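Novice: Okay, so here is protein-v5.json, and as you'll see once you scroll down, it has JSON, C-alpha atoms.
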```json
[["chain", "number", "residue", "atom", "x", "y", "z"],
["A", 233, "MET", "CA", 25.88, -8.01, 0.45],
["A", 234, "GLN", "CA", 23.54, -7.63, 3.37],
["A", 235, "LEU", "CA", 20.88, -4.97, 2.98],
["A", 236, "THR", "CA", 20.04, -4.29, 6.59],
["A", 237, "GLY", "CA", 22.18, -1.25, 7.36],
["A", 238, "ASN", "CA", 20.61, 2.19, 7.31],
["A", 239, "SER", "CA", 23.34, 3.52, 5.00],
["A", 240, "GLN", "CA", 22.66, 0.72, 2.51],
["A", 241, "ILE", "CA", 18.94, 1.42, 2.58],
["A", 242, "ARG", "CA", 19.70, 5.12, 2.05],
["A", 243, "HIS", "CA", 21.84, 4.25, -0.99],
["A", 244, "ILE", "CA", 19.05, 2.18, -2.47],
["A", 245, "ILE", "CA", 16.51, 4.99, -2.04],
["A", 246, "LEU", "CA", 18.94, 7.51, -3.53],
["A", 247, "ALA", "CA", 19.50, 5.15, -6.45],
["A", 248, "GLN", "CA", 15.75, 5.03, -6.98],
["A", 249, "PHE", "CA", 15.58, 8.83, -7.10],
["A", 250, "GLY", "CA", 18.49, 8.74, -9.56],
["A", 251, "PHE", "CA", 16.68, 6.22, -11.75],
["A", 252, "ALA", "CA", 13.56, 8.38, -11.67],
["A", 253, "ILE", "CA", 15.54, 11.31, -13.03],
["A", 254, "LEU", "CA", 17.32, 9.14, -15.62],
["A", 255, "VAL", "CA", 14.01, 7.76, -16.86],
["A", 256, "ALA", "CA", 12.63, 11.28, -17.18],
["A", 257, "LEU", "CA", 15.70, 12.41, -19.11],
["A", 258, "ALA", "CA", 15.44, 9.41, -21.43],
["A", 259, "LEU", "CA", 11.75, 10.12, -22.01],
["A", 260, "LEU", "CA", 12.59, 13.76, -22.72],
["A", 261, "LEU", "CA", 14.21, 12.53, -25.93],
["A", 262, "ILE", "CA", 10.80, 11.28, -27.03],
["A", 263, "ASN", "CA", 8.39, 13.89, -25.74],
["A", 264, "GLN", "CA", 8.16, 16.48, -22.96],
["A", 265, "LEU", "CA", 4.78, 15.12, -21.82],
["A", 266, "TYR", "CA", 6.26, 11.61, -21.45],
["A", 267, "ALA", "CA", 9.21, 13.02, -19.52],
["A", 268, "TRP", "CA", 6.97, 14.94, -17.11],
["A", 269, "SER", "CA", 4.68, 11.94, -16.59],
["A", 270, "GLY", "CA", 7.66, 9.62, -16.19],
["A", 271, "LEU", "CA", 9.28, 11.90, -13.64],
["A", 272, "ILE", "CA", 6.09, 11.99, -11.58],
["A", 273, "GLY", "CA", 5.76, 8.19, -11.69],
["A", 274, "GLY", "CA", 9.40, 7.65, -10.73],
["A", 275, "LEU", "CA", 9.22, 10.17, -7.90],
["A", 276, "ILE", "CA", 6.06, 8.54, -6.54],
["A", 277, "SER", "CA", 7.88, 5.22, -6.46],
["A", 278, "ALA", "CA", 11.07, 6.52, -4.85],
["A", 279, "SER", "CA", 9.38, 8.80, -2.33],
["A", 280, "ILE", "CA", 6.90, 6.19, -1.12],
["A", 281, "ASN", "CA", 9.74, 3.65, -0.79],
["A", 282, "GLY", "CA", 11.78, 6.24, 1.10],
["A", 283, "LEU", "CA", 8.96, 6.89, 3.54],
["A", 284, "THR", "CA", 8.42, 3.18, 4.05],
["A", 285, "ALA", "CA", 12.12, 2.52, 4.58],
["A", 286, "ARG", "CA", 12.31, 5.37, 7.07],
["A", 287, "LYS", "CA", 9.35, 4.00, 8.98],
["A", 288, "VAL", "CA", 10.62, 0.41, 9.04],
["A", 289, "PHE", "CA", 14.42, 0.50, 9.07],
["A", 290, "VAL", "CA", 15.46, 3.69, 10.86],
["A", 291, "PRO", "CA", 13.89, 2.91, 14.26],
["A", 292, "TYR", "CA", 14.79, -0.80, 13.96],
["A", 293, "ARG", "CA", 16.11, -2.40, 17.11],
["A", 294, "ALA", "CA", 16.54, -6.06, 17.97],
["A", 295, "GLN", "CA", 13.00, -6.71, 19.13],
["A", 296, "ASN", "CA", 10.55, -9.50, 19.30],
["A", 297, "PRO", "CA", 10.36, -10.97, 15.75],
["A", 298, "GLY", "CA", 6.57, -10.86, 15.90],
["A", 299, "ASP", "CA", 6.61, -7.11, 16.53],
["A", 300, "VAL", "CA", 8.99, -6.57, 13.63],
["A", 301, "LEU", "CA", 6.74, -8.60, 11.35],
["A", 302, "VAL", "CA", 3.67, -6.59, 12.36],
["A", 303, "GLN", "CA", 5.63, -3.37, 11.80],
["A", 304, "MET", "CA", 6.68, -4.48, 8.30],
["A", 305, "TYR", "CA", 3.17, -5.56, 7.30],
["A", 306, "GLY", "CA", 1.78, -2.29, 8.59],
["A", 307, "ALA", "CA", 4.37, -0.37, 6.59],
["A", 308, "GLU", "CA", 3.45, -2.29, 3.42],
["A", 309, "ILE", "CA", -0.24, -1.57, 3.91],
["A", 310, "ARG", "CA", 0.54, 2.14, 4.40],
["A", 311, "LYS", "CA", 2.76, 2.00, 1.31],
["A", 312, "LEU", "CA", -0.04, 0.57, -0.84],
["A", 313, "PHE", "CA", -2.53, 3.10, 0.52],
["A", 314, "LEU", "CA", -0.19, 6.07, -0.05],
["A", 315, "THR", "CA", 0.65, 4.84, -3.55],
["A", 316, "GLY", "CA", -3.04, 4.68, -4.42],
["A", 317, "VAL", "CA", -3.64, 8.16, -3.00],
["A", 318, "MET", "CA", -0.68, 9.61, -4.90],
["A", 319, "PHE", "CA", -1.78, 8.06, -8.19],
["A", 320, "ALA", "CA", -5.36, 9.25, -7.65],
["A", 321, "LEU", "CA", -4.16, 12.80, -6.95],
["A", 322, "VAL", "CA", -1.92, 12.80, -10.00],
["A", 323, "LEU", "CA", -4.68, 11.46, -12.24],
["A", 324, "ILE", "CA", -7.08, 14.11, -10.95],
["A", 325, "LEU", "CA", -4.75, 17.12, -10.78],
["A", 326, "VAL", "CA", -2.23, 16.72, -13.60],
["A", 327, "ASP", "CA", -3.45, 17.45, -17.09],
["A", 328, "PRO", "CA", -2.17, 16.55, -19.66],
["A", 329, "LEU", "CA", -0.70, 13.26, -18.52],
["A", 330, "SER", "CA", 0.65, 10.14, -20.17],
["A", 331, "VAL", "CA", -0.62, 7.28, -18.02],
["A", 332, "GLY", "CA", 1.66, 4.81, -19.82],
["A", 333, "ALA", "CA", 4.77, 6.82, -19.01],
["A", 334, "LEU", "CA", 3.57, 7.41, -15.45],
["A", 335, "LEU", "CA", 2.98, 3.73, -14.72],
["A", 336, "GLY", "CA", 5.96, 2.52, -16.75],
["A", 337, "SER", "CA", 8.46, 4.69, -14.94],
["A", 338, "TYR", "CA", 6.88, 3.79, -11.59],
["A", 339, "LEU", "CA", 7.37, 0.13, -12.37],
["A", 340, "PHE", "CA", 10.89, 0.66, -13.73],
["A", 341, "VAL", "CA", 12.03, 2.50, -10.59],
["A", 342, "GLN", "CA", 10.43, -0.17, -8.40],
["A", 343, "VAL", "CA", 12.15, -3.03, -10.23],
["A", 344, "ALA", "CA", 15.50, -1.56, -11.33],
["A", 345, "VAL", "CA", 17.21, -1.26, -7.96],
["A", 346, "PRO", "CA", 16.36, -4.75, -6.65],
["A", 347, "ILE", "CA", 17.62, -6.23, -9.91],
["A", 348, "ILE", "CA", 20.87, -4.28, -9.62],
["A", 349, "VAL", "CA", 21.27, -5.33, -5.98],
["A", 350, "PHE", "CA", 20.67, -8.95, -6.98],
["A", 351, "LEU", "CA", 23.22, -8.78, -9.80],
["A", 352, "PHE", "CA", 25.77, -7.05, -7.57],
["A", 353, "GLU", "CA", 25.25, -9.63, -4.83],
["A", 354, "ASP", "CA", 25.59, -12.45, -7.36],
["A", 355, "ARG", "CA", 28.82, -10.95, -8.70],
["A", 356, "LEU", "CA", 30.23, -10.74, -5.16],
["A", 357, "LYS", "CA", 29.43, -14.41, -4.55],
["A", 358, "THR", "CA", 31.29, -15.53, -7.68],
["A", 359, "ARG", "CA", 34.54, -13.84, -6.65]]
```
Please re-express this file's structure in structure tokens.

Specialist:
Amino acid sequence: MQLTGNSQIRHIILAQFGFAILVALALLLINQLYAWSGLIGGLISASINGLTARKVFVPYRAQNPGDVLVQMYGAEIRKLFLTGVMFALVLILVDPLSVGALLGSYLFVQVAVPIIVFLFEDRLKTR
């Protein structure tokens, strides 16, 4: 499974938003504060990844590989900066907040989709 098409990238970002909601619903079984914090963390992850994917993959054309590399590094630097800004704003503006749920759901949404893509790709190779 090649992950270069815009529709495939769109599916991955939508899956991340779906995972963010699922994590929040699962945390709702424990506590409403955890669910709220988890939803914020998951949405930060999915939205920043969506913005980065839009910046990198939507305008992609067969260009000079060096230009593409610079564009991808620039997008990653912007992604790290925006993530830091979003976390800072949430930590300042949202009270009460469960930092563990916030960071845990952020990490889960970041990691879940690549693992699923890897497993799906591996299953396709074994057929």

Novice: Give the answer as one residue: which of A:Ile324, A:Ala333, A:Leu254, A:Leu283 has the shortest atom-to-atom distance to Trp268 in chain A, using all atoms listed in the file?

Specialist: A:Ala333

Novice: Looking at all atoms listed in the file, which of A:Val349, A:Leu334, A:Leu301, A:Leu246 is the one that sits closest to Leu259 in chain A?

Specialist: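 Smallest separation from Leu259 in chain A among the options: A:Leu334.
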
Novice: Do you know which residues are at most 12 Å from Glu308 in chain A counting only C-alpha atoms, after dropping those on the same chain fewer than 2 positions away, and could you put them as a list in words?

Specialist: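 Counting only C-alpha atoms, the residues come to Ile280, Asn281, Leu283, Thr284, Ala285, Lys287, Val288, Leu301, Val302, Gln303, Met304, Tyr305, Gly306, Arg310, Lys311, Leu312, Phe313, Leu314 and Thr315 of chain A.
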
Novice: Using only the atoms of range 250-256 of chain A listed in the file, plus 5 Å on each side, state the axis-aligned box centre and edge lengths in Å rounded to one decimal, as AutoDock Vina command-line options.

Specialist:
```
--center_x 15.6 --center_y 8.8 --center_z -13.4 --size_x 15.9 --size_y 15.1 --size_z 17.6
```

Novice: Quick check, in Å to one decimal: how far apart do CA of Val326 in chain A and CA of Ile276 in chain A lie?

Specialist: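 Between CA of Val326 in chain A and CA of Ile276 in chain A the gap works out to 13.6 Å.
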
Novice: Quick one: pull the distance between CA of Ile245 in chain A and CA of Leu329 in chain A, Å, one decimal.

Specialist: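 These two atoms are separated by 25.2 Å.
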
Novice: Restricting the calculation to all atoms listed in the file, which member of A:Gly250, A:Gly282, A:Pro297, A:Gly274 is positioned closest to Tyr338 in chain A?

Specialist: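 When distances to Tyr338 in chain A are compared using all atoms listed in the file, the smallest one comes from A:Gly274.
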
Novice: Every residue with an atom at most 12 Å from (16.5, 9.6, -13.2) (file coordinates; all atoms listed in the file) is what I'm after, so could you write them as a ChimeraX atom specification?

Specialist: /A:246-260,267-268,270-275,277-278,337-338,340-341,344

Novice: What does the structure give for the distance between CA of Ser269 in chain A and CA of Val331 in chain A, in Å to one decimal?

Specialist: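 Calculated distance between CA of Ser269 in chain A and CA of Val331 in chain A is 7.2 Å.
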
Novice: Could you check the closest approach to Arg286 in chain A for each of A:Gln342, A:Tyr266, A:Asn238, A:Gly316 and tell me which residue wins, using all atoms listed in the file?

Specialist: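 Using all atoms listed in the file, the shortest distance to Arg286 in chain A belongs to A:Asn238.
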
Novice: Rank nothing, just name the residue among A:Ser279, A:His243, A:Phe289, A:Ile347 nearest to Ala307 in chain A, using only C-alpha atoms.

Specialist: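 Comparing A:Ser279, A:His243, A:Phe289, A:Ile347 against Ala307 in chain A, the winner is A:Phe289.
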